[in-house]
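A.B. asks: Hey, dropping entry_24.txt in here, compact mmCIF, C-alpha atoms:
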```txt
# COMPACT_ATOMS: atom_id res chain seq x y z
CA MET P 990 14.52 -17.55 -12.58
CA LEU P 991 17.43 -16.56 -10.37
CA ARG P 992 19.77 -18.95 -12.18
CA GLY P 993 18.80 -17.43 -15.50
CA GLY P 994 19.42 -13.98 -14.06
CA MET P 995 22.88 -14.92 -12.90
CA ILE P 996 23.71 -16.34 -16.35
CA LEU P 997 22.54 -13.06 -17.87
CA VAL P 998 24.73 -11.01 -15.54
CA GLY P 999 27.69 -13.30 -16.24
CA ALA P 1000 27.21 -12.96 -19.98
CA LEU P 1001 27.01 -9.21 -19.65
CA LEU P 1002 30.18 -9.13 -17.59
CA VAL P 1003 32.12 -11.35 -20.03
CA SER P 1004 30.86 -9.38 -23.02
CA THR P 1005 31.67 -6.01 -21.47
CA VAL P 1006 35.08 -7.04 -20.16
CA GLY P 1007 35.90 -8.69 -23.48
CA GLY P 1008 34.93 -5.56 -25.35
CA TRP P 1009 36.99 -3.43 -23.01
CA ALA P 1010 40.01 -5.75 -23.43
CA ARG P 1011 39.78 -5.53 -27.23
CA GLY P 1012 39.42 -1.80 -26.99
CA ALA P 1013 42.40 -1.60 -24.64
CA SER P 1014 44.55 -3.63 -27.09
CA ALA P 1015 43.60 -1.33 -29.91
CA ASP P 1016 44.41 1.68 -27.79
CA ALA P 1017 47.81 0.18 -27.00
CA ASP P 1018 48.64 0.20 -30.71
CA ARG P 1019 47.94 3.89 -30.81
CA ALA P 1020 49.88 6.63 -29.13
CA PRO P 1021 48.48 7.13 -25.63
CA GLY P 1022 46.48 10.29 -25.11
CA ALA P 1023 44.40 11.97 -22.46
CA GLY P 1024 41.18 10.86 -24.17
CA SER P 1025 41.84 7.12 -23.78
CA GLY P 1026 41.84 7.29 -19.98
CA THR P 1027 38.58 9.22 -19.93
CA GLU P 1028 36.95 6.74 -22.29
CA LEU P 1029 38.10 3.83 -20.13
CA LEU P 1030 36.65 5.37 -16.97
CA GLY P 1031 33.40 6.00 -18.81
CA GLU P 1032 33.20 2.37 -19.93
CA LEU P 1033 33.92 1.12 -16.41
CA ARG P 1034 31.22 3.36 -14.96
CA THR P 1035 28.73 2.13 -17.56
CA MET P 1036 29.60 -1.48 -16.83
CA ARG P 1037 29.14 -0.88 -13.10
CA GLN P 1038 25.77 0.74 -13.65
CA GLN P 1039 24.65 -2.18 -15.82
CA LEU P 1040 25.73 -4.70 -13.20
CA ASP P 1041 23.99 -2.75 -10.42
CA ALA P 1042 20.79 -2.65 -12.47
CA LYS P 1043 20.89 -6.41 -13.09
CA GLN P 1044 21.57 -7.11 -9.41
CA GLY P 1045 18.55 -4.97 -8.52
CA GLU P 1046 16.39 -6.90 -10.97
CA LEU P 1047 17.59 -10.20 -9.49
CA GLU P 1048 16.78 -9.05 -5.96
CA VAL P 1049 13.25 -8.07 -7.02
CA ALA P 1050 12.84 -11.44 -8.73
CA ARG P 1051 14.05 -13.24 -5.60
CA LEU P 1052 11.55 -11.41 -3.39
CA GLN P 1053 8.73 -12.09 -5.83
CA LEU P 1054 9.63 -15.77 -5.89
CA GLU P 1055 9.72 -15.96 -2.09
CA ARG P 1056 6.31 -14.29 -1.88
CA ALA P 1057 4.80 -16.65 -4.47
CA ASN P 1058 6.19 -19.73 -2.72
CA ALA P 1059 4.93 -18.56 0.68
CA ILE P 1060 1.43 -17.89 -0.65
CA ILE P 1061 1.30 -21.28 -2.35
CA GLN P 1062 2.36 -22.99 0.88
CA TYR P 1063 -0.19 -21.13 3.02
CA SER P 1064 -2.93 -21.81 0.48
CA ALA P 1065 -2.15 -25.53 0.47
CA HIS P 1066 -1.65 -25.80 4.24
CA TYR P 1067 -4.93 -24.13 5.16
CA ARG P 1068 -6.79 -25.38 2.09
CA ILE P 1069 -7.97 -21.94 1.10
CA PRO P 1070 -8.16 -20.23 -2.33
CA ALA P 1071 -4.97 -18.62 -3.56
CA ASP P 1072 -6.60 -15.19 -3.77
CA LEU P 1073 -7.56 -15.31 -0.09
CA ALA P 1074 -4.09 -16.52 0.89
CA THR P 1075 -2.59 -13.68 -1.17
CA ALA P 1076 -4.80 -11.08 0.54
CA ILE P 1077 -3.99 -12.32 4.04
CA TYR P 1078 -0.27 -12.45 3.28
CA ASP P 1079 -0.04 -9.02 1.66
CA VAL P 1080 -2.31 -7.18 4.12
CA ALA P 1081 -0.51 -8.73 7.09
CA LEU P 1082 2.86 -7.50 5.84
CA SER P 1083 1.48 -4.04 5.07
CA GLU P 1084 0.19 -3.78 8.66
CA GLY P 1085 3.40 -5.07 10.23
CA ILE P 1086 2.07 -8.51 11.17
CA ASP P 1087 3.99 -11.73 10.63
CA PRO P 1088 1.97 -13.64 7.98
CA GLY P 1089 2.30 -16.85 9.99
CA LEU P 1090 0.52 -15.21 12.93
CA ALA P 1091 -2.05 -13.60 10.64
CA PHE P 1092 -3.10 -16.91 9.11
CA ARG P 1093 -3.41 -18.51 12.54
CA LEU P 1094 -5.52 -15.63 13.80
CA VAL P 1095 -7.95 -15.84 10.88
CA LYS P 1096 -8.21 -19.61 11.23
CA VAL P 1097 -9.07 -19.44 14.95
CA GLU P 1098 -11.35 -16.42 14.60
CA SER P 1099 -13.47 -17.38 11.61
CA GLY P 1100 -12.17 -20.58 10.05
CA PHE P 1101 -11.52 -18.46 6.92
CA THR P 1102 -15.26 -17.73 6.59
CA GLN P 1103 -15.84 -14.29 5.11
CA ARG P 1104 -19.34 -13.73 6.52
CA ALA P 1105 -18.73 -15.23 9.94
CA LYS P 1106 -20.59 -13.53 12.78
CA SER P 1107 -20.16 -14.18 16.49
CA LYS P 1108 -22.79 -14.07 19.22
CA VAL P 1109 -21.52 -10.66 20.32
CA GLY P 1110 -21.58 -9.25 16.77
CA ALA P 1111 -17.95 -9.57 15.70
CA LEU P 1112 -17.77 -9.85 11.91
CA GLY P 1113 -15.79 -11.31 9.08
CA PHE P 1114 -12.46 -13.04 8.73
CA THR P 1115 -10.84 -11.36 11.73
CA GLN P 1116 -14.04 -11.11 13.81
CA VAL P 1117 -13.86 -7.40 14.47
CA LEU P 1118 -16.64 -5.59 16.30
CA PRO P 1119 -18.13 -2.71 14.30
CA SER P 1120 -17.48 -0.39 17.25
CA THR P 1121 -13.79 -1.31 17.18
CA ALA P 1122 -13.60 -0.97 13.41
CA ARG P 1123 -15.04 2.55 13.58
CA LEU P 1124 -12.12 3.62 15.76
CA TYR P 1125 -10.00 3.13 12.65
CA GLU P 1126 -12.54 4.08 9.98
CA PRO P 1127 -15.36 6.27 11.35
CA GLY P 1128 -18.70 5.69 9.67
CA LEU P 1129 -17.87 2.16 8.56
CA THR P 1130 -21.00 0.02 8.25
CA ALA P 1131 -21.38 -3.59 9.30
CA GLU P 1132 -21.81 -4.61 5.67
CA GLN P 1133 -18.60 -2.85 4.68
CA LEU P 1134 -16.80 -4.75 7.42
CA TYR P 1135 -17.59 -7.96 5.57
CA ASP P 1136 -15.42 -6.79 2.68
CA ARG P 1137 -12.39 -9.06 2.61
CA ASP P 1138 -9.58 -6.51 2.41
CA THR P 1139 -11.29 -4.02 4.71
CA ASN P 1140 -11.82 -6.66 7.36
CA LEU P 1141 -8.27 -7.98 7.14
CA ARG P 1142 -6.77 -4.51 7.20
CA ILE P 1143 -8.70 -3.37 10.27
CA GLY P 1144 -8.26 -6.66 12.13
CA PHE P 1145 -4.51 -6.75 11.56
CA ARG P 1146 -4.13 -3.07 12.37
CA TYR P 1147 -5.95 -3.62 15.66
CA LEU P 1148 -3.68 -6.58 16.41
CA ARG P 1149 -0.61 -4.47 15.58
CA ASP P 1150 -1.74 -1.84 18.07
CA LEU P 1151 -2.17 -4.48 20.76
CA LEU P 1152 1.24 -6.00 20.02
CA ASP P 1153 2.70 -2.53 20.45
CA ARG P 1154 0.78 -2.15 23.71
CA TYR P 1155 2.23 -5.41 25.02
CA PRO P 1156 5.59 -5.45 23.22
CA SER P 1157 7.13 -8.24 25.27
CA ASN P 1158 4.04 -10.43 25.66
CA MET P 1159 2.35 -11.68 22.50
CA SER P 1160 0.06 -13.86 24.60
CA LEU P 1161 -1.42 -10.82 26.37
CA ALA P 1162 -1.82 -9.00 23.05
CA LEU P 1163 -3.79 -11.92 21.65
CA LEU P 1164 -5.90 -12.17 24.79
CA ALA P 1165 -6.67 -8.47 24.50
CA TYR P 1166 -7.71 -9.06 20.90
CA ASN P 1167 -10.05 -11.83 22.00
CA ARG P 1168 -11.38 -10.52 25.32
CA GLY P 1169 -10.81 -6.80 24.91
CA PRO P 1170 -7.94 -4.84 26.43
CA GLY P 1171 -10.21 -3.43 29.15
CA LYS P 1172 -11.15 -6.90 30.37
CA VAL P 1173 -7.56 -8.10 30.32
CA GLU P 1174 -6.40 -5.08 32.33
CA GLU P 1175 -9.26 -5.55 34.79
CA LEU P 1176 -8.31 -9.18 35.43
CA LEU P 1177 -4.62 -8.37 35.73
CA GLY P 1178 -5.41 -5.54 38.14
CA ALA P 1179 -7.39 -7.94 40.29
CA GLY P 1180 -4.48 -10.37 40.35
CA ARG P 1181 -6.29 -12.89 38.17
CA ASP P 1182 -4.98 -14.77 35.15
CA PRO P 1183 -6.74 -13.61 31.96
CA GLN P 1184 -5.73 -16.74 30.05
CA ASN P 1185 -8.65 -18.59 28.46
CA GLY P 1186 -6.86 -20.83 25.96
CA TYR P 1187 -7.28 -18.43 23.02
CA ALA P 1188 -3.66 -17.29 22.81
CA THR P 1189 -2.46 -20.87 23.04
CA SER P 1190 -4.68 -21.85 20.11
CA VAL P 1191 -3.44 -19.00 17.91
CA MET P 1192 0.23 -19.42 18.79
CA LYS P 1193 0.31 -23.21 18.42
CA GLY P 1194 3.22 -24.05 16.13
CA PHE P 1195 4.03 -20.39 15.52
CA ARG P 1196 7.64 -19.27 15.33
CA HIS P 1197 8.17 -15.55 15.15
CA ARG P 1198 10.57 -14.53 12.35
```
Using the file provided, produce a representation of the structure as structure tokens.
C.D. replies:
Amino acid sequence: MLRGGMILVGALLVSTVGGWARGASADADRAPGAGSGTELLGELRTMRQQLDAKQGELEVARLQLERANAIIQYSAHYRIPADLATAIYDVALSEGIDPGLAFRLVKVESGFTQRAKSKVGALGFTQVLPSTARLYEPGLTAEQLYDRDTNLRIGFRYLRDLLDRYPSNMSLALLAYNRGPGKVEELLGAGRDPQNGYATSVMKGFRHR
């Protein structure tokens, strides 16, 4: 796709420059006038605008290709449907979460099971408690929290808030996600280590981009 785009831009450039050169030769045969310089500047501006437009189209195509390749890789790696991989990838980015971390979180939390429910009542892909979810969307019902995109959006938004709360310690942010920020602060205040293996499981093999 990108190679084809580059060929298109090259062809446009050759065609435009060739046309300009022919026009310039014809102008040379005529007596120079004020109009020829204005026409030349106009042609150059048009050519520049066309090149800028094509470069913009190529950049969009490159980003789309990167997104498609990433989704395919995540889908294959975690053996999940492409539509679920697409949702996790897109929602994670929209909430400011590295997709690599998002996929690991969902795997550890629910094993990619949409209607997962924990002993304490955490629900869905990201295992969010209804009480936590209602901090972001008041009135949200437990059944609504099973909705794929709703669950991913709230879970990743909650994680983003915790990452902002512990900006230099992703491990603590993940522990707060798992154990609750109140519990983590209580243990830290008592001089105790809040680690329980959860953060290690989520971060295994993760490299922040």
A.B. asks: Measuring atom to atom with all atoms listed in the file, identify which of P:Thr1130, P:Lys1043, P:Arg1037, P:Phe1092 is nearest to Ser1064 of chain P.
C.D. replies: P:Phe1092
A.B. asks: Determine, counting only C-alpha atoms, which protein, DNA and RNA residues have an atom within 10 Å of an atom of segment 1107-1116 of chain P; residues of the same chain fewer than 4 positions away are not included. Present the result as a ChimeraX atom specification.
C.D. replies: /P:1077,1091-1092,1094-1103,1120-1122,1131-1145,1147-1148,1166-1167
A.B. asks: Would you mind telling me which residue in P:Leu1151, P:Met1159, P:Ala1179, P:Leu1090 lies nearest to Gly1194 of chain P when using all atoms listed in the file?
C.D. replies: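 When distances to Gly1194 of chain P are compared using all atoms listed in the file, the smallest one comes from P:Leu1090.
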A.B. asks: By how many Å are atom CA of Arg1034 of chain P and atom CA of Glu1046 of chain P apart?
C.D. replies: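 Atom CA of Glu1046 of chain P lies at a distance of 18.5 Å from atom CA of Arg1034 of chain P.
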A.B. asks: Could you name the residues that touch Gly1186 of chain P at 10 Å or less, counting all atoms listed in the file, but leaving out those on the same chain fewer than 5 positions away, as a ChimeraX atom specification?
C.D. replies: /P:1160,1164,1191
A.B. asks: Would you output that residue set with C-alpha atoms, as a tab-separated table (two decimals), keeping the file's coordinate frame?
C.D. replies:
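The result, written out as selection35.tsv:
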```tsv
chain	number	residue	atom	x	y	z
P	1160	SER	CA	0.06	-13.86	24.60
P	1164	LEU	CA	-5.90	-12.17	24.79
P	1191	VAL	CA	-3.44	-19.00	17.91
```
A.B. asks: Suppose you want the space between atom CA of Ala1057 of chain P and atom CA of Val1080 of chain P; what is it in Å?
C.D. replies: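 Separating atom CA of Ala1057 of chain P from atom CA of Val1080 of chain P is a distance of 14.6 Å.
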A.B. asks: Mind pulling up the distance from atom CA of Ala1076 of chain P to atom CA of Tyr1155 of chain P?
C.D. replies: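 Rounded to one decimal, the two atoms are 26.1 Å apart.
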A.B. asks: Give the answer as one residue: which of P:Leu1030, P:Leu1161, P:Arg1068, P:Asp1153 has the shortest atom-to-atom distance to Asn1185 of chain P, using all atoms listed in the file?
C.D. replies: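 So, comparing all the options, the nearest one is P:Leu1161.
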